[in-house]
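First the structure, in the form of structure tokens, and then the observations on it.
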Amino acid sequence: MRVLVAYGSKMGGTKGLAEMVGTELEANGFQVDVMPARAVADLTPYGAVILGGALYSMRWHKDARRFIRKHKQALQTNPVWLFSSGPLDDSAQKNEIPPVRFVRNVMRLTHARGHVTFGGRMPADAKGFPAGSMAKNTAGDWRNPDHVRMWAKQVAEDLHAG
Ligand SMILES: Cc1cc2nc3c(=O)[nH]c(=O)nc-3n(C[C@H](O)[C@H](O)[C@H](O)COP(=O)(O)O)c2cc1C
């Protein structure tokens, strides 16, 4: 089975998470395409879709939101998992952080099989407003590869189970 891992990312952190998810799925026997959500034209090659979005002011990155609007129909007949990335502390490792409102609606719409929030990353050299000034206090990488691998392994097991 071919699995799509698509992402909406501005500073690259969520892209990195999508790559970690893809690597684990490959290790579990799936063919995987990891792609920016805006570059996906067609879902027909895929037997399952995983979509991740960076959180900006409690909203998913616009590429992830547009992906949902564009592929709404096809997503209703594919198994779907979602992830969000954002918290710049260890809260995502300590607690299950619920999806923001848009993502909750997407879960209903797509009958998503799961959602997780992973810790985020703020590069020390982030540019622009307000990331540049936020980086002075919050720069760091809170993505936990073990957390990501465990989640992706669970997705793989669910897919294998059908
Ligand atoms: C302006 C701004 C707003 C943010 N808002 C949120 C937020 O509402 N919730 C959250 O968990 N993280 C928030 N973050 C942290 C980002 O989600 C985090 O840096 C994430 O890893 C960025 O992903 P990306 O590198 O894929 O763009 C915010 C970051 C910036 C710069």
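Labeling convention for the structure tokens: chains A, B, ... as they appear, residues from 1 per chain, ligands from 1 in order of appearance.
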
Q) Could you pull the residues within 12 Å of A:Phe67, counting only C-alpha atoms, minus those fewer than 5 positions along the same chain, as a list of chain:residue names? A) A:Val5, A:Ala6, A:Tyr7, A:Gly8, A:Met35, A:Pro36, A:Ala37, A:Arg38, A:Ala39, A:Val40, A:Ala41, A:Asp42, A:Leu43, A:Val49, A:Ile50, A:Leu51, A:Gly52, A:Gly53, A:Trp60, A:His61, A:Lys62, A:Lys72, A:Gln73, A:Ala74, A:Leu75, A:Val106

Any chance you can output those residues with C-alpha atoms as an mmCIF file, in the first residue's frame?
data_model
loop_
_atom_site.group_PDB
_atom_site.id
_atom_site.type_symbol
_atom_site.label_atom_id
_atom_site.label_comp_id
_atom_site.auth_asym_id
_atom_site.auth_seq_id
_atom_site.Cartn_x
_atom_site.Cartn_y
_atom_site.Cartn_z
ATOM 1 C CA VAL A 5 2.293 11.946 4.434
ATOM 2 C CA ALA A 6 1.483 15.585 3.577
ATOM 3 C CA TYR A 7 2.361 18.621 5.646
ATOM 4 C CA GLY A 8 1.797 22.348 6.027
ATOM 5 C CA MET A 35 5.138 15.867 0.331
ATOM 6 C CA PRO A 36 4.205 19.495 1.012
ATOM 7 C CA ALA A 37 0.395 19.570 1.195
ATOM 8 C CA ARG A 38 0.248 22.246 -1.496
ATOM 9 C CA ALA A 39 2.073 19.994 -3.987
ATOM 10 C CA VAL A 40 -0.434 17.135 -3.835
ATOM 11 C CA ALA A 41 -2.641 17.030 -6.912
ATOM 12 C CA ASP A 42 -4.426 13.721 -6.584
ATOM 13 C CA LEU A 43 -5.099 11.193 -3.836
ATOM 14 C CA VAL A 49 -3.396 9.718 4.096
ATOM 15 C CA ILE A 50 -1.610 11.349 7.013
ATOM 16 C CA LEU A 51 -1.786 15.131 7.173
ATOM 17 C CA GLY A 52 0.209 17.310 9.528
ATOM 18 C CA GLY A 53 -0.107 21.029 10.147
ATOM 19 C CA TRP A 60 -3.356 24.988 11.236
ATOM 20 C CA HIS A 61 -0.922 26.231 8.582
ATOM 21 C CA LYS A 62 -2.879 27.385 5.516
ATOM 22 C CA LYS A 72 -12.541 16.827 0.894
ATOM 23 C CA GLN A 73 -14.300 14.231 -1.246
ATOM 24 C CA ALA A 74 -11.435 11.768 -1.559
ATOM 25 C CA LEU A 75 -10.585 12.050 2.133
ATOM 26 C CA VAL A 106 -11.698 17.831 9.987
#

(Q) If DSSP is run on the backbone, what residues of stretch 22-65 of chain A are helix (DSSP H, G or I)? A reply as a list in words would be ideal. (A) Gly22, Thr23, Glu24, Leu25, Glu26, Ala27, Ala37, Arg38, Ala39, Lys62, Asp63, Ala64 and Arg65 of chain A

Export, as a compact mmCIF listing (two decimals), in the first residue's frame, the selected residues with N, CA and C atoms.
# COMPACT_ATOMS: atom_id res chain seq x y z
N GLY A 22 7.12 9.23 7.95
CA GLY A 22 7.32 8.48 6.71
C GLY A 22 8.35 7.38 6.88
N THR A 23 9.44 7.70 7.56
CA THR A 23 10.52 6.71 7.75
C THR A 23 10.01 5.51 8.54
N GLU A 24 9.22 5.78 9.58
CA GLU A 24 8.69 4.67 10.40
C GLU A 24 7.70 3.82 9.60
N LEU A 25 6.89 4.47 8.78
CA LEU A 25 5.93 3.70 7.97
C LEU A 25 6.67 2.82 6.96
N GLU A 26 7.73 3.37 6.38
CA GLU A 26 8.54 2.58 5.45
C GLU A 26 9.15 1.38 6.16
N ALA A 27 9.62 1.61 7.38
CA ALA A 27 10.22 0.51 8.15
C ALA A 27 9.19 -0.57 8.46
N ALA A 37 1.83 19.73 1.49
CA ALA A 37 0.40 19.57 1.20
C ALA A 37 0.01 20.32 -0.08
N ARG A 38 0.65 21.45 -0.34
CA ARG A 38 0.25 22.25 -1.50
C ARG A 38 0.68 21.61 -2.82
N ALA A 39 1.57 20.62 -2.76
CA ALA A 39 2.07 19.99 -3.99
C ALA A 39 1.29 18.74 -4.37
N LYS A 62 -1.87 27.25 6.59
CA LYS A 62 -2.88 27.38 5.52
C LYS A 62 -2.78 26.26 4.48
N ASP A 63 -1.60 25.73 4.24
CA ASP A 63 -1.48 24.64 3.26
C ASP A 63 -2.26 23.40 3.72
N ALA A 64 -2.26 23.15 5.02
CA ALA A 64 -3.00 22.00 5.54
C ALA A 64 -4.51 22.26 5.43
N ARG A 65 -4.91 23.52 5.69
CA ARG A 65 -6.34 23.85 5.58
C ARG A 65 -6.81 23.74 4.13

Q: Check which residues fall inside 6 Å of ligand 1 when counting only C-alpha atoms and all ligand atoms, and print them as a list in words.
A: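 Using only C-alpha atoms and all ligand atoms, everything at most 6 Å from ligand 1 comes to Ser9, Lys10, Met11, Gly12, Gly13, Thr14, Lys15, Ala54, Leu55, Tyr56, Ser57, Met58, Ser85, Gly86, Pro87, Gly120, Arg121, Met122, Pro130 and Ala131 of chain A.
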
Q. For A:Arg66, which residue among A:Asp125, A:Asn95, A:His147, A:Phe102 is the nearest when counting only C-alpha atoms?
A.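 Nearest candidate to A:Arg66 out of A:Asp125, A:Asn95, A:His147, A:Phe102: A:Phe102.
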
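Closest approach to A:Leu109 among A:Asn28, A:Asn137, A:Thr77, A:Thr44 is made by A:Thr77 (distances from only C-alpha atoms).
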
Apply DSSP to the structure's backbone, then extract all residues of chain A labelled strand (DSSP E) and return them as an mmCIF file with all heavy atoms, in the first residue's frame.
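As written to disk, part32.cif reads:
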data_model
loop_
_atom_site.group_PDB
_atom_site.id
_atom_site.type_symbol
_atom_site.label_atom_id
_atom_site.label_comp_id
_atom_site.auth_asym_id
_atom_site.auth_seq_id
_atom_site.Cartn_x
_atom_site.Cartn_y
_atom_site.Cartn_z
ATOM 1 N N ARG A 2 0.411 2.241 -0.785
ATOM 2 C CA ARG A 2 1.133 3.513 -0.821
ATOM 3 C C ARG A 2 0.445 4.493 0.143
ATOM 4 O O ARG A 2 -0.782 4.634 0.107
ATOM 5 C CB ARG A 2 1.129 4.059 -2.250
ATOM 6 C CG ARG A 2 1.967 5.315 -2.414
ATOM 7 C CD ARG A 2 2.096 5.688 -3.891
ATOM 8 N NE ARG A 2 3.092 4.896 -4.579
ATOM 9 C CZ ARG A 2 4.403 5.160 -4.609
ATOM 10 N NH1 ARG A 2 4.873 6.221 -3.970
ATOM 11 N NH2 ARG A 2 5.236 4.389 -5.258
ATOM 12 N N VAL A 3 1.232 5.136 0.968
ATOM 13 C CA VAL A 3 0.697 6.062 1.979
ATOM 14 C C VAL A 3 1.252 7.457 1.716
ATOM 15 O O VAL A 3 2.450 7.619 1.456
ATOM 16 C CB VAL A 3 1.099 5.610 3.412
ATOM 17 C CG1 VAL A 3 0.575 6.589 4.461
ATOM 18 C CG2 VAL A 3 0.585 4.204 3.694
ATOM 19 N N LEU A 4 0.368 8.450 1.794
ATOM 20 C CA LEU A 4 0.796 9.848 1.656
ATOM 21 C C LEU A 4 0.963 10.482 3.035
ATOM 22 O O LEU A 4 0.066 10.384 3.874
ATOM 23 C CB LEU A 4 -0.265 10.639 0.874
ATOM 24 C CG LEU A 4 -0.024 12.155 0.799
ATOM 25 C CD1 LEU A 4 1.215 12.478 -0.039
ATOM 26 C CD2 LEU A 4 -1.251 12.865 0.226
ATOM 27 N N VAL A 5 2.113 11.106 3.237
ATOM 28 C CA VAL A 5 2.293 11.946 4.434
ATOM 29 C C VAL A 5 2.473 13.370 3.928
ATOM 30 O O VAL A 5 3.519 13.707 3.336
ATOM 31 C CB VAL A 5 3.507 11.511 5.275
ATOM 32 C CG1 VAL A 5 3.571 12.342 6.561
ATOM 33 C CG2 VAL A 5 3.455 10.022 5.602
ATOM 34 N N ALA A 6 1.448 14.207 4.083
ATOM 35 C CA ALA A 6 1.483 15.585 3.577
ATOM 36 C C ALA A 6 1.570 16.535 4.761
ATOM 37 O O ALA A 6 1.097 16.218 5.865
ATOM 38 C CB ALA A 6 0.226 15.868 2.765
ATOM 39 N N TYR A 7 2.167 17.694 4.515
ATOM 40 C CA TYR A 7 2.361 18.621 5.646
ATOM 41 C C TYR A 7 2.223 20.077 5.210
ATOM 42 O O TYR A 7 2.489 20.441 4.068
ATOM 43 C CB TYR A 7 3.742 18.405 6.288
ATOM 44 C CG TYR A 7 4.878 18.580 5.315
ATOM 45 C CD1 TYR A 7 5.415 19.843 5.049
ATOM 46 C CD2 TYR A 7 5.385 17.490 4.615
ATOM 47 C CE1 TYR A 7 6.433 20.008 4.129
ATOM 48 C CE2 TYR A 7 6.405 17.645 3.697
ATOM 49 C CZ TYR A 7 6.923 18.905 3.457
ATOM 50 O OH TYR A 7 7.922 19.074 2.525
ATOM 51 N N GLY A 8 1.785 20.891 6.179
ATOM 52 C CA GLY A 8 1.797 22.348 6.027
ATOM 53 C C GLY A 8 2.788 22.902 7.030
ATOM 54 O O GLY A 8 2.594 22.755 8.248
ATOM 55 N N GLN A 31 4.905 1.747 1.189
ATOM 56 C CA GLN A 31 5.518 2.704 0.265
ATOM 57 C C GLN A 31 5.005 4.070 0.676
ATOM 58 O O GLN A 31 3.788 4.240 0.861
ATOM 59 C CB GLN A 31 5.064 2.433 -1.158
ATOM 60 C CG GLN A 31 5.643 1.180 -1.783
ATOM 61 C CD GLN A 31 5.023 0.965 -3.147
ATOM 62 O OE1 GLN A 31 3.858 0.577 -3.255
ATOM 63 N NE2 GLN A 31 5.774 1.238 -4.189
ATOM 64 N N VAL A 32 5.886 5.039 0.780
ATOM 65 C CA VAL A 32 5.477 6.321 1.368
ATOM 66 C C VAL A 32 5.928 7.486 0.502
ATOM 67 O O VAL A 32 7.071 7.520 0.027
ATOM 68 C CB VAL A 32 6.095 6.486 2.784
ATOM 69 C CG1 VAL A 32 5.611 7.786 3.428
ATOM 70 C CG2 VAL A 32 5.739 5.309 3.677
ATOM 71 N N ASP A 33 5.039 8.443 0.288
ATOM 72 C CA ASP A 33 5.416 9.735 -0.292
ATOM 73 C C ASP A 33 5.242 10.791 0.782
ATOM 74 O O ASP A 33 4.146 10.952 1.325
ATOM 75 C CB ASP A 33 4.496 10.103 -1.473
ATOM 76 C CG ASP A 33 4.722 9.203 -2.672
ATOM 77 O OD1 ASP A 33 5.768 8.526 -2.726
ATOM 78 O OD2 ASP A 33 3.846 9.164 -3.558
ATOM 79 N N VAL A 34 6.306 11.523 1.095
ATOM 80 C CA VAL A 34 6.223 12.652 2.029
ATOM 81 C C VAL A 34 6.287 13.917 1.182
ATOM 82 O O VAL A 34 7.252 14.133 0.450
ATOM 83 C CB VAL A 34 7.403 12.624 3.031
ATOM 84 C CG1 VAL A 34 7.319 13.815 3.982
ATOM 85 C CG2 VAL A 34 7.411 11.315 3.822
ATOM 86 N N MET A 35 5.227 14.718 1.243
ATOM 87 C CA MET A 35 5.138 15.867 0.331
ATOM 88 C C MET A 35 4.528 17.088 1.009
ATOM 89 O O MET A 35 3.671 16.951 1.890
ATOM 90 C CB MET A 35 4.201 15.520 -0.845
ATOM 91 C CG MET A 35 4.799 14.561 -1.847
ATOM 92 S SD MET A 35 3.530 14.020 -2.999
ATOM 93 C CE MET A 35 3.378 15.486 -3.982
ATOM 94 N N PRO A 36 4.917 18.300 0.548
ATOM 95 C CA PRO A 36 4.205 19.495 1.012
ATOM 96 C C PRO A 36 2.734 19.386 0.601
ATOM 97 O O PRO A 36 2.451 18.973 -0.543
ATOM 98 C CB PRO A 36 4.865 20.653 0.254
ATOM 99 C CG PRO A 36 6.080 20.094 -0.399
ATOM 100 C CD PRO A 36 5.932 18.608 -0.478
ATOM 101 N N ALA A 48 -3.943 5.383 2.081
ATOM 102 C CA ALA A 48 -4.125 6.060 3.371
ATOM 103 C C ALA A 48 -3.431 7.420 3.306
ATOM 104 O O ALA A 48 -2.473 7.603 2.546
ATOM 105 C CB ALA A 48 -3.531 5.236 4.512
ATOM 106 N N VAL A 49 -3.934 8.360 4.100
ATOM 107 C CA VAL A 49 -3.396 9.718 4.096
ATOM 108 C C VAL A 49 -3.128 10.164 5.531
ATOM 109 O O VAL A 49 -3.985 10.013 6.411
ATOM 110 C CB VAL A 49 -4.397 10.702 3.442
ATOM 111 C CG1 VAL A 49 -3.898 12.143 3.551
ATOM 112 C CG2 VAL A 49 -4.646 10.335 1.983
ATOM 113 N N ILE A 50 -1.943 10.722 5.734
ATOM 114 C CA ILE A 50 -1.610 11.349 7.013
ATOM 115 C C ILE A 50 -1.303 12.810 6.712
ATOM 116 O O ILE A 50 -0.497 13.107 5.825
ATOM 117 C CB ILE A 50 -0.391 10.663 7.658
ATOM 118 C CG1 ILE A 50 -0.716 9.178 7.871
ATOM 119 C CG2 ILE A 50 -0.021 11.337 8.973
ATOM 120 C CD1 ILE A 50 0.443 8.360 8.365
ATOM 121 N N LEU A 51 -1.978 13.699 7.418
ATOM 122 C CA LEU A 51 -1.786 15.131 7.173
ATOM 123 C C LEU A 51 -1.355 15.813 8.458
ATOM 124 O O LEU A 51 -2.001 15.650 9.501
ATOM 125 C CB LEU A 51 -3.100 15.755 6.668
ATOM 126 C CG LEU A 51 -3.085 17.273 6.467
ATOM 127 C CD1 LEU A 51 -2.102 17.692 5.378
ATOM 128 C CD2 LEU A 51 -4.499 17.779 6.125
ATOM 129 N N GLY A 52 -0.279 16.574 8.368
ATOM 130 C CA GLY A 52 0.209 17.310 9.528
ATOM 131 C C GLY A 52 0.213 18.805 9.266
ATOM 132 O O GLY A 52 0.510 19.248 8.156
ATOM 133 N N GLY A 53 -0.114 19.572 10.294
ATOM 134 C CA GLY A 53 -0.107 21.029 10.147
ATOM 135 C C GLY A 53 0.591 21.692 11.321
ATOM 136 O O GLY A 53 0.364 21.320 12.486
ATOM 137 N N ALA A 54 1.438 22.677 11.007
ATOM 138 C CA ALA A 54 2.020 23.510 12.069
ATOM 139 C C ALA A 54 0.918 24.408 12.626
ATOM 140 O O ALA A 54 0.032 24.848 11.885
ATOM 141 C CB ALA A 54 3.147 24.356 11.496
ATOM 142 N N LEU A 55 0.995 24.683 13.920
ATOM 143 C CA LEU A 55 0.009 25.571 14.551
ATOM 144 C C LEU A 55 0.547 26.991 14.615
ATOM 145 O O LEU A 55 1.672 27.220 15.088
ATOM 146 C CB LEU A 55 -0.301 25.082 15.968
ATOM 147 C CG LEU A 55 -1.114 23.791 16.051
ATOM 148 C CD1 LEU A 55 -1.121 23.262 17.488
ATOM 149 C CD2 LEU A 55 -2.545 24.010 15.561
ATOM 150 N N TYR A 56 -0.248 27.902 14.101
ATOM 151 C CA TYR A 56 0.070 29.328 14.190
ATOM 152 C C TYR A 56 -1.159 30.044 14.738
ATOM 153 O O TYR A 56 -2.220 30.019 14.109
ATOM 154 C CB TYR A 56 0.467 29.885 12.813
ATOM 155 C CG TYR A 56 1.882 29.474 12.436
ATOM 156 C CD1 TYR A 56 2.117 28.308 11.722
ATOM 157 C CD2 TYR A 56 2.974 30.220 12.870
ATOM 158 C CE1 TYR A 56 3.416 27.906 11.415
ATOM 159 C CE2 TYR A 56 4.273 29.833 12.578
ATOM 160 C CZ TYR A 56 4.483 28.683 11.845
ATOM 161 O OH TYR A 56 5.779 28.283 11.567
ATOM 162 N N ARG A 59 -4.250 28.069 14.838
ATOM 163 C CA ARG A 59 -4.795 27.618 13.543
ATOM 164 C C ARG A 59 -3.755 26.771 12.832
ATOM 165 O O ARG A 59 -2.556 27.030 12.939
ATOM 166 C CB ARG A 59 -5.130 28.823 12.654
ATOM 167 C CG ARG A 59 -6.179 29.726 13.234
ATOM 168 C CD ARG A 59 -6.460 30.875 12.290
ATOM 169 N NE ARG A 59 -7.311 30.460 11.187
ATOM 170 C CZ ARG A 59 -7.461 31.158 10.064
ATOM 171 N NH1 ARG A 59 -6.797 32.289 9.884
ATOM 172 N NH2 ARG A 59 -8.267 30.743 9.125
ATOM 173 N N TRP A 60 -4.246 25.788 12.065
ATOM 174 C CA TRP A 60 -3.356 24.988 11.236
ATOM 175 C C TRP A 60 -2.766 25.855 10.128
ATOM 176 O O TRP A 60 -3.448 26.763 9.610
ATOM 177 C CB TRP A 60 -4.169 23.886 10.586
ATOM 178 C CG TRP A 60 -3.836 22.501 11.030
ATOM 179 C CD1 TRP A 60 -3.014 22.124 12.051
ATOM 180 C CD2 TRP A 60 -4.345 21.301 10.445
ATOM 181 N NE1 TRP A 60 -2.983 20.762 12.136
ATOM 182 C CE2 TRP A 60 -3.783 20.234 11.172
ATOM 183 C CE3 TRP A 60 -5.224 21.021 9.407
ATOM 184 C CZ2 TRP A 60 -4.065 18.913 10.872
ATOM 185 C CZ3 TRP A 60 -5.508 19.710 9.101
ATOM 186 C CH2 TRP A 60 -4.931 18.666 9.829
ATOM 187 N N VAL A 80 -7.661 8.159 7.306
ATOM 188 C CA VAL A 80 -6.958 9.430 7.530
ATOM 189 C C VAL A 80 -6.473 9.515 8.977
ATOM 190 O O VAL A 80 -7.204 9.162 9.903
ATOM 191 C CB VAL A 80 -7.919 10.618 7.254
ATOM 192 C CG1 VAL A 80 -7.292 11.944 7.665
ATOM 193 C CG2 VAL A 80 -8.322 10.663 5.784
ATOM 194 N N TRP A 81 -5.239 9.983 9.121
ATOM 195 C CA TRP A 81 -4.712 10.364 10.436
ATOM 196 C C TRP A 81 -4.207 11.802 10.346
ATOM 197 O O TRP A 81 -3.744 12.237 9.276
ATOM 198 C CB TRP A 81 -3.545 9.474 10.850
ATOM 199 C CG TRP A 81 -3.939 8.147 11.396
ATOM 200 C CD1 TRP A 81 -4.061 7.809 12.710
ATOM 201 C CD2 TRP A 81 -4.217 6.946 10.658
ATOM 202 N NE1 TRP A 81 -4.421 6.485 12.843
ATOM 203 C CE2 TRP A 81 -4.518 5.929 11.598
ATOM 204 C CE3 TRP A 81 -4.270 6.621 9.304
ATOM 205 C CZ2 TRP A 81 -4.845 4.630 11.230
ATOM 206 C CZ3 TRP A 81 -4.595 5.324 8.927
ATOM 207 C CH2 TRP A 81 -4.882 4.347 9.884
ATOM 208 N N LEU A 82 -4.277 12.508 11.459
ATOM 209 C CA LEU A 82 -3.868 13.918 11.470
ATOM 210 C C LEU A 82 -2.866 14.155 12.593
ATOM 211 O O LEU A 82 -2.934 13.496 13.639
ATOM 212 C CB LEU A 82 -5.097 14.807 11.720
ATOM 213 C CG LEU A 82 -6.301 14.567 10.800
ATOM 214 C CD1 LEU A 82 -7.517 15.316 11.327
ATOM 215 C CD2 LEU A 82 -5.991 14.995 9.373
ATOM 216 N N PHE A 83 -1.946 15.080 12.335
ATOM 217 C CA PHE A 83 -1.137 15.541 13.467
ATOM 218 C C PHE A 83 -0.940 17.048 13.392
ATOM 219 O O PHE A 83 -1.016 17.654 12.319
ATOM 220 C CB PHE A 83 0.199 14.780 13.582
ATOM 221 C CG PHE A 83 1.221 15.050 12.513
ATOM 222 C CD1 PHE A 83 2.133 16.080 12.637
ATOM 223 C CD2 PHE A 83 1.299 14.236 11.388
ATOM 224 C CE1 PHE A 83 3.093 16.311 11.666
ATOM 225 C CE2 PHE A 83 2.259 14.452 10.398
ATOM 226 C CZ PHE A 83 3.163 15.492 10.535
ATOM 227 N N SER A 84 -0.754 17.623 14.573
ATOM 228 C CA SER A 84 -0.483 19.049 14.691
ATOM 229 C C SER A 84 0.883 19.194 15.333
ATOM 230 O O SER A 84 1.325 18.308 16.059
ATOM 231 C CB SER A 84 -1.527 19.720 15.586
ATOM 232 O OG SER A 84 -2.830 19.482 15.094
ATOM 233 N N SER A 85 1.547 20.303 15.073
ATOM 234 C CA SER A 85 2.813 20.503 15.763
ATOM 235 C C SER A 85 2.912 21.940 16.216
ATOM 236 O O SER A 85 2.488 22.850 15.507
ATOM 237 C CB SER A 85 3.993 20.145 14.867
ATOM 238 O OG SER A 85 4.439 21.263 14.143
ATOM 239 N N GLY A 114 -7.270 9.066 13.953
ATOM 240 C CA GLY A 114 -6.513 9.540 15.104
ATOM 241 C C GLY A 114 -5.925 10.917 14.873
ATOM 242 O O GLY A 114 -5.839 11.387 13.731
ATOM 243 N N HIS A 115 -5.565 11.552 15.991
ATOM 244 C CA HIS A 115 -4.869 12.849 15.946
ATOM 245 C C HIS A 115 -3.905 12.903 17.108
ATOM 246 O O HIS A 115 -4.199 12.413 18.200
ATOM 247 C CB HIS A 115 -5.855 14.019 16.067
ATOM 248 C CG HIS A 115 -5.157 15.328 16.314
ATOM 249 N ND1 HIS A 115 -4.877 15.799 17.595
ATOM 250 C CD2 HIS A 115 -4.640 16.233 15.458
ATOM 251 C CE1 HIS A 115 -4.230 16.946 17.495
ATOM 252 N NE2 HIS A 115 -4.074 17.239 16.212
ATOM 253 N N VAL A 116 -2.759 13.521 16.842
ATOM 254 C CA VAL A 116 -1.795 13.744 17.926
ATOM 255 C C VAL A 116 -1.189 15.133 17.759
ATOM 256 O O VAL A 116 -1.079 15.636 16.635
ATOM 257 C CB VAL A 116 -0.689 12.652 17.910
ATOM 258 C CG1 VAL A 116 0.157 12.755 16.636
ATOM 259 C CG2 VAL A 116 0.216 12.731 19.140
ATOM 260 N N THR A 117 -0.834 15.744 18.889
ATOM 261 C CA THR A 117 -0.064 16.995 18.835
ATOM 262 C C THR A 117 1.360 16.675 19.266
ATOM 263 O O THR A 117 1.588 16.136 20.357
ATOM 264 C CB THR A 117 -0.656 18.056 19.787
ATOM 265 O OG1 THR A 117 -2.017 18.285 19.432
ATOM 266 C CG2 THR A 117 0.112 19.372 19.674
ATOM 267 N N PHE A 118 2.311 16.994 18.389
ATOM 268 C CA PHE A 118 3.734 16.835 18.712
ATOM 269 C C PHE A 118 4.311 18.181 19.121
ATOM 270 O O PHE A 118 3.826 19.237 18.676
ATOM 271 C CB PHE A 118 4.516 16.331 17.496
ATOM 272 C CG PHE A 118 4.143 14.953 17.024
ATOM 273 C CD1 PHE A 118 3.788 14.725 15.701
ATOM 274 C CD2 PHE A 118 4.171 13.876 17.899
ATOM 275 C CE1 PHE A 118 3.457 13.455 15.257
ATOM 276 C CE2 PHE A 118 3.840 12.587 17.463
ATOM 277 C CZ PHE A 118 3.475 12.385 16.123
ATOM 278 N N ARG A 121 9.153 23.303 16.960
ATOM 279 C CA ARG A 121 10.537 23.789 16.900
ATOM 280 C C ARG A 121 10.545 25.262 16.517
ATOM 281 O O ARG A 121 9.787 25.678 15.634
ATOM 282 C CB ARG A 121 11.314 23.007 15.834
ATOM 283 C CG ARG A 121 12.775 23.445 15.746
ATOM 284 C CD ARG A 121 13.455 22.836 14.554
ATOM 285 N NE ARG A 121 12.944 23.371 13.313
ATOM 286 C CZ ARG A 121 13.614 23.374 12.157
ATOM 287 N NH1 ARG A 121 14.802 22.830 12.091
ATOM 288 N NH2 ARG A 121 13.079 23.885 11.083
ATOM 289 N N MET A 122 11.348 26.017 17.205
ATOM 290 C CA MET A 122 11.534 27.430 16.855
ATOM 291 C C MET A 122 13.021 27.640 16.572
ATOM 292 O O MET A 122 13.848 27.586 17.492
ATOM 293 C CB MET A 122 11.075 28.311 18.027
ATOM 294 C CG MET A 122 11.360 29.777 17.847
ATOM 295 S SD MET A 122 10.442 30.513 16.486
ATOM 296 C CE MET A 122 8.849 30.666 17.264
ATOM 297 N N GLY A 140 14.229 26.606 20.225
ATOM 298 C CA GLY A 140 14.511 25.257 20.712
ATOM 299 C C GLY A 140 13.724 24.243 19.909
ATOM 300 O O GLY A 140 12.835 24.596 19.140
ATOM 301 N N ASP A 141 14.111 22.995 20.090
ATOM 302 C CA ASP A 141 13.463 21.918 19.344
ATOM 303 C C ASP A 141 12.790 20.976 20.339
ATOM 304 O O ASP A 141 13.462 20.282 21.106
ATOM 305 C CB ASP A 141 14.522 21.172 18.517
ATOM 306 C CG ASP A 141 13.897 20.249 17.491
ATOM 307 O OD1 ASP A 141 12.667 20.003 17.573
ATOM 308 O OD2 ASP A 141 14.622 19.771 16.605
#
